[in-house]
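**Q** After the structure tokens below, expect a handful of questions from me.
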Amino acid sequence: MPVMGDRRAPEPRLFERSRPGRRASSLPALDVPDVDPTQALPGVELAHAPPALPEVSELELLRHFTRLSHRNHGIDVGLYPLGSCSMKYNPRLAEAAAALPGLRNLHPWAPDEAAQGMLELLAHLERWLLELTGLHAVTFQPAAGAHGELTGLMLIRAYHEDHGGPRRTIIVPDSAHGTNPASAAMCGYEVVTVPSGGDGLVDADALDDLVDEQTAGLMLTNPNTLGLFEVEIERLSAALRRVGALLYYDGANFNAILGRVRPGTMGFDVVHLNCHKTFATPHGGGGPGAGPVLVSERLAPYLPAPVVAREPDGTYRWDHDRPRSIGRVHGFHGNAVVLVRAYSYLLFHGADGLADVSSRAVLNANYVAAGIADVLPLAYPQHQPMHEFVSTGKDLKRHGLRVADLCKRLIDYGFHPPTNYFPLIVDEALMVEPTETEARETLDDFVAALRSIVAEAGTDPDLLHAAPTTTPVARLDEAKAARELVLRWRPGDL
Amino acid sequence: MPVMGDRRAPEPRLFERSRPGRRASSLPALDVPDVDPTQALPGVELAHAPPALPEVSELELLRHFTRLSHRNHGIDVGLYPLGSCSMKYNPRLAEAAAALPGLRNLHPWAPDEAAQGMLELLAHLERWLLELTGLHAVTFQPAAGAHGELTGLMLIRAYHEDHGGPRRTIIVPDSAHGTNPASAAMCGYEVVTVPSGGDGLVDADALDDLVDEQTAGLMLTNPNTLGLFEVEIERLSAALRRVGALLYYDGANFNAILGRVRPGTMGFDVVHLNCHKTFATPHGGGGPGAGPVLVSERLAPYLPAPVVAREPDGTYRWDHDRPRSIGRVHGFHGNAVVLVRAYSYLLFHGADGLADVSSRAVLNANYVAAGIADVLPLAYPQHQPMHEFVSTGKDLKRHGLRVADLCKRLIDYGFHPPTNYFPLIVDEALMVEPTETEARETLDDFVAALRSIVAEAGTDPDLLHAAPTTTPVARLDEAKAARELVLRWRPGDL
Amino acid sequence: PPVPEAARVGFAPHTAADLQAMLAAVGKASLDELFAHIPAALRLSAPLALPTGGSEEEVLARLGELAARNDTDAVCFAGGGAYDHYVPAVVGAVVSRGELLTAYTPYQPEASQGMLQALFEYQTVISELTGLPVSNASLYDGASAVAEAVSMAASATGRDDAAVSGALDLPTRRVLRTYAQPLGRRVLETGYDPGSGQTPVAELDDAVAAVVLAQPNALGIVEDVRAHARAAHAAGALLIVKLEPTAVGLLATPGGQGADIVVGEGQPLGQGLQYGGPSFGFLACTDAHVRRLPGRLVGQTVDGRGARGYVMTLRPREQDIRREKATSNICTNQTLCALAGLVYLAWLGPQGLTELARSCLARARHAAGVLTAVDGVALAADGPFVKEFPLRLDVPDPHAAVAALQRQGWLVGPVVPDGPAAGAVLVATTERRTRLQVEGLAEALARVVKEVR
Amino acid sequence: PPVPEAARVGFAPHTAADLQAMLAAVGKASLDELFAHIPAALRLSAPLALPTGGSEEEVLARLGELAARNDTDAVCFAGGGAYDHYVPAVVGAVVSRGELLTAYTPYQPEASQGMLQALFEYQTVISELTGLPVSNASLYDGASAVAEAVSMAASATGRDDAAVSGALDLPTRRVLRTYAQPLGRRVLETGYDPGSGQTPVAELDDAVAAVVLAQPNALGIVEDVRAHARAAHAAGALLIVKLEPTAVGLLATPGGQGADIVVGEGQPLGQGLQYGGPSFGFLACTDAHVRRLPGRLVGQTVDGRGARGYVMTLRPREQDIRREKATSNICTNQTLCALAGLVYLAWLGPQGLTELARSCLARARHAAGVLTAVDGVALAADGPFVKEFPLRLDVPDPHAAVAALQRQGWLVGPVVPDGPAAGAVLVATTERRTRLQVEGLAEALARVVKEVR
Ligand SMILES: Cc1ncc(COP(=O)(O)O)c(C=O)c1O
Ligand SMILES: Cc1ncc(COP(=O)(O)O)c(C=O)c1O
């Protein structure tokens, strides 16, 4: 919020600031003959009027977005313990790397000769990712985790098609993230749900019963979305191998085992990594990310084309000659400059540093869990959580409150709420991932806030019902938004 | 302020966040033999312990300053009508220019051969400034306006020394900015004050009486600090010429006449320009600026050395061979990269564009003046103000209020207050400089706020006494600050 | 004491004291104990075969070396969906604001009004550019946006086939096929006129869910969107147009010409080249299809006090709620790039966008004239173009010619990969390409055509 | 309509309608009328002989050409008060925050607590580095800071002379003289020992207000501050030390050794080279002199509710109140640079500062060894050094040698301009200079010394 004035004062939509003829832009003078579009483009339907873009000065433009930024929380402002999202510090080193003109100004269709630096960078990054995951080959095209999932499932499908048919089903735990079943469906698979056992881990017996010749594969996060490590992973993977099915590793939680456990060792054939989580590339308010997909040897032939290849003479090129490739999932080469950021993160930490990342991430999560266990108990206390944990706020119901109320109240304490209502199998789920870059004192303050809110729930529930009261807007009417669907500004709107 | 939480929550001093052993820095590995200081530096007194700098992680570091930024107002956030400071939009173009590696990474002692681009840039900038001021030569060493004043006065002194002695006095209007007399004193001159007439202009008759053989020069801003153009400037300068005294032009208000009137034409021998005002280089919370000094032909020999020279072959060099130079006023070459920003501003606007700057600056000031004239009358209504104007809030006294109270109340309306209590000759002075980059609607809102506050002064003076109430801190006890002098944090302070 | 070996603390703030106290609090004796319940066989025994870390200075020096091995000094006449438009400094000033850069999907609207309002404004400008009422909050890129659009069309029409112009860029056609294949959807290609380079209106059977074409198309040629819309609708199919967004500074919006879904690649809108990513894909549609939209959607509403605010809306479309029934699996999108696009478009303004398009047109016409005056160089299509055009070089291997030009400091391309114009070299002129540069390219072209043929 | 010639609206937002309405409101018929009361003879008749403006893209392209004409690729071993230390990215992330970048002097403390607190923290770290309790909020640069310090000493002692070490860098001595001359103050130079390069403790008469020396001095040699402090105080004078701030990662603080005023150039502290500016000058002193301090000073206080806050304090020292009686004329200082310095020092931390100084020391020792092994190359002083050292080259013209080295990609210097070591070439090794680079410089040096002699 601005340092002064009414914090509830709304920021006008940029369009409301428009004045006909006002502008920020300046363009190079025309040093060639001007042409009249009507003559140059005979028979072409031209615009009567330009699109109604905002008409503002550069100062008004910058002020508008500066003020909007004051209405937004980010990691730079404070703790952002969003479970499953690894909201860790985004190093400015990575931004400096991304700003290098030699990387920022490279055209995607520049001849390989002109892109040797970028190709070498990708080749090195590949080496890092293969070593970290224990897999064999990579594609950099996927722009995010879910994109990686879809790509990975396509690879699984292509593999099966080469080995007796695509098969029909993908098995997904009931605790899985929604993108898993959604990706399976987009890949033409029927989704079969395997239940979690009483301890929060995949029910191995149930899985045994579900697996059959139509099973194309199993999608798993490990640690799973409850933050629990699937200790029976070897048994699970064996069950799938028995029927020739493949294992997909959702890398969203890779931060928990970075440098300590490799998905390849656990028997996974396909892995997507989430650069905007594990490798700290900025989330950007919802993106961009990068979701490189790594595969075992048998799936390598199906990877999207092209892939980076190294010539005997040490030069690099894009290899387009991939006859069994599934094709393409990106119009260019994926989010190349996000990958640059991720590479800077790896170079900075090194092999040893990465193992420190996961150990401290797990420590921080367990430290917070221990701090609130008595007031917000773990949903599945049988196993030690890893980099995140899921508590249940179901006791709040006694006071006619829900975990959403607790979250809104947390906002008034100055903390961004954790993920909630996910995973779906937990009643009033509160999913907390502090990440390794948070200091102990910050975690102590966060624990104190949660404890104090739980206390308020008993003594003064209205504080929670009314929250948040310190934000530019109070709780918003989502039903009205969906009912009336105002999806853009229109002239005259106020 | 943060988007959520208690806006009054203090931000701890960075030192309070310190934890022994915590750090942000990483340094290149030592690839040469390490040495033991005690052996390498025999007889040298070494530090027992390092200075007690903060010990924080990079995230805590960035968060701290992000949060501090939320407690600060800037042009990017809203109107900043600080009279005499030209708080106009700071184009990001200039920041992009300053970030060019070829400029940012240039060592000040690089051989001229290695600095041809920078030297050529300075030579071009010189051409622009000479043409805009109508003068003959320049020094780029002064780092700000007052630095330019001191330099300019030294030049005047050196000139007189070469022409029969330094002389004794510098004449300064009673409306002048404090730096003028302060600079004169630092230059060993006695300050003689010339009064302003009833119309706010220098009293030409009084000046005639003051001028004598001991007068070294007159320092003037034109328009003066009341925002009024000294229409009798020719008579004033004639009076000084009569006794062989020189005229100094304080360029703080150059924005009013940019591209329309040249100080040289008005008879000024020395001019300092304020790049952080007229040419929109960022004020940076109090600096850095740049105060290049321009002089007439007769003063050129005395300029600080070195100066940029152009060789017959078109190359550039620093000319150190300046036998009559006063010496140096900067340890390197002045604020070179601030000058780069100023040059980008000039290139962008061009001759024509600069005249638009001043005309719109004057229009904006007069527009606001007209909007409040009836409630906050001009201190000197006899002349039309230029780029800024000075109103008097003395009527507020009727309600037991001062202009300071109005300013604090303005903060609660979300506006940064104008300059106040300057110039000293105006009772309850309110000095308003909107600048040309502010939009009409913003000015309308500002006028409305001032009018409403003046109304409140009558109906509800306590609103003004109590203001500001929307800021992280309320009015601060300046007496206590001066009495107790807490000028640094000390371990244990809270 | 020796200098501690290049201090690399990573970004974790834990001091020795912190570790001790925190381990005690969680009842562990060591960090390794936090992993003790993981089967030993799965835990890394040997250290990773990777270098140790470096300081910020060393990492940046290393990346600087790599960056220096890319040639980004060649004057960029390249196109093919990515263009060397100038990105004003104000764009970076906005997207580098930490509150926006380091936020995530606005799940907590009260703490995310800044980004939500910006996305609402983004949806508005995309709606304006496309001429359609509804825009989502971005997709990965232009190519996947086409694939998502075809899925929308399939679910809207209950049909499976897509009739795709051969003058839709090949990478996009590939992505479309890759997405369609597992679902058993057919992608039928209609050729384009070898002379004009335009896509003829094709016969459509009742299995066709959508007609897909690009405006301007992959050769830079302007298509007759209205005619295709008429034909598609007559056959009960939808028209999907992949739009190069700066073109609407001159051309009528595809939505205004009858397209049902308009998608595109956001790269030309303030993104920079970035080797093709990150950028963003945009997607807009008619009201009829709003519930089939993939991805995030921001809607306006009010808070308890009646104050205006913004939230993500129609969430039930999305995977985290509908799971396998979702309209798409997209979760993280390209929000920050979309924001940059919004800032760029607001910087341009309507007048600026028109000037930009007019400037590109004039430069393209001029360049085409100068370059085709070189012998051995001719236009590969004679249809109308506005920024980009295909040149037929009289050389055995156009790729070799492109490489030769790059070595001489001139970046052109890509080479048209298939169809009647296969082998033609694309040349694009943004507002940055000067007369002098065009003349320089012409000279180089003359040399190269001589050498190589 | 033709494309409006390169739209340059400047940054003023006035539309035609605005101009009309606003002129009407102020009762003018035209903009020119706003200047009508200025004597016609003074108003510009002819247009300025300057080019018309350009677009942002054109301006940046032009400046890019100029920047390319500077050689910033040469490996930087140059010193002389400006050093090629690495500036971490986080510094830029902070100082580019608009709320700080575009603010001015915090005249309204309630709306400026961010910068005020940062300056309070800056004063604290400078106090720590100098070993003195009071720091102001920055001055223009290190050289003018020395001049201001001498004025403080003069007013404190009622004396006029400054006894200045010949091993204080020449630009600073020049600035000091330039400031002193109009006030009739004398600047007496004491030489330095040709062997060690150290400043001997000189005889002081009772006209001496201050002894001024640099730590390390202009040759890179460490001085015996404590001895000079003792002598100065014995003579009733103050000791002023110009400190290279990174040195206190190793050396005792001058304040701790008895200096009364410690000043310095902030360039090594996260500023980058920037051709020497902008950077900042720092000044710290004992409590006794706080009311003689030039420039801004930030103090802690409380608000009406007892909440802690910060304000500019002891304002009566300053020119805008005391006018000709002020301690100095300084108004705008180098706040943002001081902030960058604070961020850099907080990034380093105490451990980092020690490592930095240790790293520079080890590299300087190593470099001195390798370079003096080249024949025709010797140390020009044998006193203790920590980062920078003077080399005597067996060549007729050391400037020619420096230029030759630069052409070969090696930046050294400056050349010592006067005193016993005149003609020696300074070499500085920051934490960035690698063993390989030192070897490269040695080879180049060998070539050059052969050629030039
Ligand atoms: C467990 C899990 N899987 C997959 C995803 C999808 O990743 P993305 O958002 O990068 O598409 C997420 C992201 O929220 C996730 O938490
Ligand atoms: C009229 C006037 N003169 C001189 C100055 C001093 O300029 P600077 O602050 O750049 O030293 C100012 C700045 O406030 C001023 O307003």
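Naming scheme: A, B, ... for chains in displayed order of the structure tokens; residues 1 onward per chain; ligands 1 onward as shown.
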Distance limit 8 Å, atoms considered: only C-alpha atoms. Which chain D residues sit that close to chain C? Return them as a PyMOL selection string.
**A** chain D and resi 3-4+56-57+86+88+97+355+358-359+432
**Q** Would you pick out the contacts of stretch 88-101 of chain A at 7 Å or less, using only C-alpha atoms, so that residues sharing its chain but fewer than 5 positions from it are not included, and give the list as a list in words?
**A**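 Using only C-alpha atoms, the neighbours found are Ile75, Ala280, Thr281, Pro282, Val337, Val340, Arg341, Ser344, Tyr345, Thr435, Glu436 and Thr437 of chain A; Leu59 of chain B; Glu56, Leu60, Leu63, Gly64 and Ala67 of chain C; Ala89 and Val90 of chain D.
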**Q** Please identify all polymer residues within 9 Å of stretch 21-33 of chain C, counting only C-alpha atoms, omitting same-chain residues fewer than 3 positions from it, and present them as a PyMOL selection string.
**A** (chain A and resi 359-360+362-364+366-367+369-371+440) or (chain C and resi 16-18+36-37)
**Q** Mind running chain B against ligand 2 at 10 Å and telling me each contacting residue's nearest atom pair with the distance in Å (one decimal), counting only C-alpha atoms and all ligand atoms, chain and number ascending, as a tab-separated table?
**A**
```
residue	atom	partner	partner_atom_place_in_ligand_line	distance
B:Leu82	CA	ligand 2	14 (O)	9.5
B:Gly83	CA	ligand 2	16 (O)	7.6
B:Ser84	CA	ligand 2	16 (O)	4.2
B:Cys85	CA	ligand 2	16 (O)	5.7
B:Ser86	CA	ligand 2	16 (O)	8.8
B:Pro142	CA	ligand 2	11 (O)	9.4
B:Ala143	CA	ligand 2	10 (O)	7.8
B:Ala144	CA	ligand 2	10 (O)	4.0
B:Gly145	CA	ligand 2	10 (O)	3.5
B:Ala146	CA	ligand 2	11 (O)	3.7
B:His147	CA	ligand 2	11 (O)	6.1
B:Gly148	CA	ligand 2	11 (O)	7.6
B:Glu149	CA	ligand 2	4 (C)	7.7
B:Leu150	CA	ligand 2	11 (O)	9.9
B:Ser175	CA	ligand 2	1 (C)	9.2
B:Ala176	CA	ligand 2	1 (C)	6.6
B:His177	CA	ligand 2	1 (C)	4.8
B:Gly178	CA	ligand 2	3 (N)	7.4
B:Thr179	CA	ligand 2	4 (C)	5.6
B:Asn180	CA	ligand 2	4 (C)	6.7
B:Ser183	CA	ligand 2	4 (C)	9.7
B:Met219	CA	ligand 2	3 (N)	9.9
B:Leu220	CA	ligand 2	1 (C)	8.8
B:Thr221	CA	ligand 2	1 (C)	6.5
B:Asn222	CA	ligand 2	1 (C)	9.4
B:Pro223	CA	ligand 2	1 (C)	9.6
B:Asn224	CA	ligand 2	1 (C)	7.7
B:Thr225	CA	ligand 2	1 (C)	6.0
B:Leu226	CA	ligand 2	1 (C)	9.7
B:Tyr249	CA	ligand 2	3 (N)	9.5
B:Asp250	CA	ligand 2	3 (N)	5.8
B:Gly251	CA	ligand 2	3 (N)	7.1
B:Ala252	CA	ligand 2	2 (C)	4.8
B:Asn253	CA	ligand 2	1 (C)	6.6
B:Phe254	CA	ligand 2	1 (C)	9.8
B:His272	CA	ligand 2	4 (C)	9.0
B:Leu273	CA	ligand 2	10 (O)	8.6
B:Asn274	CA	ligand 2	10 (O)	5.9
B:Cys275	CA	ligand 2	10 (O)	8.2
B:His276	CA	ligand 2	10 (O)	7.2
B:Lys277	CA	ligand 2	10 (O)	8.0
B:His283	CA	ligand 2	10 (O)	9.1
B:Gly286	CA	ligand 2	9 (O)	7.9
B:Gly287	CA	ligand 2	10 (O)	7.9
B:Pro288	CA	ligand 2	10 (O)	8.5
B:Gly289	CA	ligand 2	10 (O)	6.1
B:Ala290	CA	ligand 2	10 (O)	7.1
B:Gly291	CA	ligand 2	10 (O)	6.6
B:Thr419	CA	ligand 2	16 (O)	9.8
B:Phe422	CA	ligand 2	16 (O)	9.5
B:Pro423	CA	ligand 2	1 (C)	9.3
```
**Q** What is the atom CA of C:Leu426-atom CA of A:Gly117 distance in Å, reported with one decimal?
**A**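 Going from atom CA of C:Leu426 over to atom CA of A:Gly117 covers 24.2 Å.
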**Q** Near stretch 232-245 of chain A, counting only C-alpha atoms, which residues have an atom at most 8 Å away, once you skip same-chain residues fewer than 2 positions from it, shown as a PyMOL selection string?
**A** chain A and resi 204+207-208+211-213+215-218+230+247+266-268
**Q** Show me, as an MDAnalysis selection string, every residue of chain A with an atom at most 12 Å from chain D, counting only C-alpha atoms.
**A** chainID A and resid 1:5 17:38 55:63 65:67 69:70 76 89:99
**Q** Which residues are close to stretch 250-266 of chain C, i.e. within 8 Å by only C-alpha atoms, leaving aside same-chain residues fewer than 3 positions away? Reply as a PyMOL selection string.
**A** (chain A and resi 37+44-48+50) or (chain C and resi 81+129-132+141-143+145-146+149+225-226+229-230+238-245+247+269+271+279-286+338+341+354+357-358)
**Q** Mind listing the strand (DSSP E or B) residues of stretch 74-175 of chain C, per DSSP on the backbone, as a PDB file with N, CA and C atoms, in the first residue's frame?
**A**
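Okay, part01.pdb is ready:
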```
ATOM      1  N   VAL C  75      22.419  -7.982 -37.282  1.00  0.00           N
ATOM      2  CA  VAL C  75      21.196  -7.190 -37.399  1.00  0.00           C
ATOM      3  C   VAL C  75      20.032  -8.136 -37.673  1.00  0.00           C
ATOM      4  N   CYS C  76      18.980  -8.007 -36.882  1.00  0.00           N
ATOM      5  CA  CYS C  76      17.922  -9.026 -36.879  1.00  0.00           C
ATOM      6  C   CYS C  76      16.774  -8.712 -37.846  1.00  0.00           C
ATOM      7  N   SER C 112      -3.698 -10.115  -3.219  1.00  0.00           N
ATOM      8  CA  SER C 112      -3.209 -10.222  -4.595  1.00  0.00           C
ATOM      9  C   SER C 112      -3.970  -9.329  -5.558  1.00  0.00           C
ATOM     10  N   VAL C 134     -14.030 -12.217 -24.647  1.00  0.00           N
ATOM     11  CA  VAL C 134     -13.482 -12.941 -23.500  1.00  0.00           C
ATOM     12  C   VAL C 134     -12.041 -13.376 -23.744  1.00  0.00           C
ATOM     13  N   SER C 135     -11.151 -13.017 -22.830  1.00  0.00           N
ATOM     14  CA  SER C 135      -9.766 -13.489 -22.901  1.00  0.00           C
ATOM     15  C   SER C 135      -9.414 -14.184 -21.596  1.00  0.00           C
ATOM     16  N   LEU C 139      -1.650 -18.321 -21.740  1.00  0.00           N
ATOM     17  CA  LEU C 139      -1.279 -19.736 -21.894  1.00  0.00           C
ATOM     18  C   LEU C 139       0.222 -19.773 -22.134  1.00  0.00           C
ATOM     19  N   ASP C 161     -12.273 -33.341 -36.113  1.00  0.00           N
ATOM     20  CA  ASP C 161     -11.236 -32.966 -37.067  1.00  0.00           C
ATOM     21  C   ASP C 161     -10.925 -31.478 -37.020  1.00  0.00           C
ATOM     22  N   ALA C 162      -9.663 -31.160 -37.325  1.00  0.00           N
ATOM     23  CA  ALA C 162      -9.272 -29.764 -37.498  1.00  0.00           C
ATOM     24  C   ALA C 162      -8.755 -29.603 -38.926  1.00  0.00           C
ATOM     25  N   ALA C 163      -9.293 -28.621 -39.646  1.00  0.00           N
ATOM     26  CA  ALA C 163      -8.823 -28.327 -41.004  1.00  0.00           C
ATOM     27  C   ALA C 163      -7.845 -27.164 -40.904  1.00  0.00           C
ATOM     28  N   VAL C 164      -6.577 -27.482 -41.053  1.00  0.00           N
ATOM     29  CA  VAL C 164      -5.514 -26.527 -40.737  1.00  0.00           C
ATOM     30  C   VAL C 164      -4.822 -26.032 -41.996  1.00  0.00           C
ATOM     31  N   SER C 165      -4.642 -24.759 -42.069  1.00  0.00           N
ATOM     32  CA  SER C 165      -3.952 -24.181 -43.217  1.00  0.00           C
ATOM     33  C   SER C 165      -2.499 -24.643 -43.249  1.00  0.00           C
TER      34      SER C 165
END
```
**Q** Name the closest residue to chain B among the candidates A:Leu132, A:Ala361, A:Leu410, A:Ala404; distances are taken between atoms, counting only C-alpha atoms.
**A**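 So, comparing all the options, the nearest one is A:Leu410.
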**Q** Between chain C and ligand 1, at 8 Å or less, what are the per-residue closest atom pairs and their distances in Å? Count only C-alpha atoms and all ligand atoms, order by chain and rising residue number, and return it as a Markdown table.
**A**
```
| residue | atom | partner | partner_atom_place_in_ligand_line | distance |
| --- | --- | --- | --- | --- |
| C:Asn329 | CA | ligand 1 | 11 (O) | 7.8 |
| C:Ile330 | CA | ligand 1 | 11 (O) | 5.9 |
| C:Cys331 | CA | ligand 1 | 9 (O) | 4.4 |
| C:Thr332 | CA | ligand 1 | 9 (O) | 3.7 |
| C:Asn333 | CA | ligand 1 | 11 (O) | 7.3 |
```
**Q** May I ask which of the residues B:Pro51, B:Pro468, B:Gly284, B:Gly165 is the closest one to chain A, counting only C-alpha atoms?
**A**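 Smallest separation from chain A among the options: B:Pro468.
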**Q** Could you tell me how far atom CA of B:Ala439 sits from atom CA of B:Ala457, in Å to one decimal place?
**A** 27.4 Å
**Q** With distances taken over only C-alpha atoms, which of A:Glu388, A:Glu441, A:Glu161, A:Asp395 is nearest to chain B?
**A**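 Among the listed residues, the smallest separation from chain B belongs to A:Glu441.
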**Q** Any idea what's packed within 12 Å of A:Gly414, counting only C-alpha atoms, ignoring anything in its chain fewer than 4 positions away? Could you give it as number ranges by chain?
**A** A: 73-74, 77-80, 407-410, 442, 445-446, 449-450, 467-471; B: 1-9; C: 110-111
**Q** DSSP on the backbone, alpha helix (DSSP H) only: what residues of stretch 304-363 of chain D does that give? Format it as a VMD selection string.
**A** chain D and resid 319 to 322 335 to 363
**Q** Which one is closest to D:Thr246: D:Val448, D:Met152, D:Ala78, D:Leu345? Count only C-alpha atoms.
**A**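 Smallest distance to D:Thr246 is found for D:Leu345.
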